[in-house]
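> Could you have a look at this structure, given as structure tokens, before my questions?
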Amino acid sequence: MFSIALILYSIFIVGYGALAAALVYHVRTYTIPEDSLHTFIIPFLTLSLVLIILSLYFFLRIPWDTFAT
């Protein structure tokens, strides 16, 4: 059960990373430097990193051996 959940969790994290990278690339490439949208990149990445660390912590706290396969 743990391996299936780990695979799905990894796919989700990789997909989120790709989406976040595309958003940051889009903001840096296609907006003008004076646009206030540039100020949201650092808080977005910081909050994303904090939430990913929290999700990993809670994912690892699940008692996987109690689930039936």
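Quick note on naming: the chains in the structure tokens go A, B, ... in the order shown, residues restart at 1 in each chain, and ligands are numbered from 1 in order of appearance.
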Neighbouring residues of Leu45 of chain A were defined as those with any atom within 12 Å, considering only C-alpha atoms; residues of the same chain fewer than 2 positions away were excluded. Please report them as a ChimeraX atom specification.

/A:16-17,19-21,23-24,38-43,47-52

> What does the distance between atom CA of Arg28 of chain A and atom CA of Phe12 of chain A come to in Å, to one decimal place?

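Calculated distance between atom CA of Arg28 of chain A and atom CA of Phe12 of chain A is 24.2 Å.
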
> Atom CA of Met1 of chain A and atom CA of Phe67 of chain A, how far apart in Å?

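About the pair atom CA of Phe67 of chain A and atom CA of Met1 of chain A: they are 7.2 Å apart.
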
> Residues within 10 Å of segment 7-10 of chain A, please, as JSON, numbers by chain. Count only C-alpha atoms; anything in the same chain fewer than 4 positions from it doesn't count.

{"A": [2, 3, 14, 15, 16, 55, 56, 59]}

> As an exercise, work out the distance from atom CA of Ala68 of chain A to atom CA of Leu54 of chain A in Å and give it to one decimal place.

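Separation of atom CA of Ala68 of chain A and atom CA of Leu54 of chain A: 25.4 Å.
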
> Using DSSP on the backbone, list every residue of segment 15-66 of chain A that comes out as alpha helix (DSSP H), and give them as a PyMOL selection string.

chain A and resi 15-30+41-60
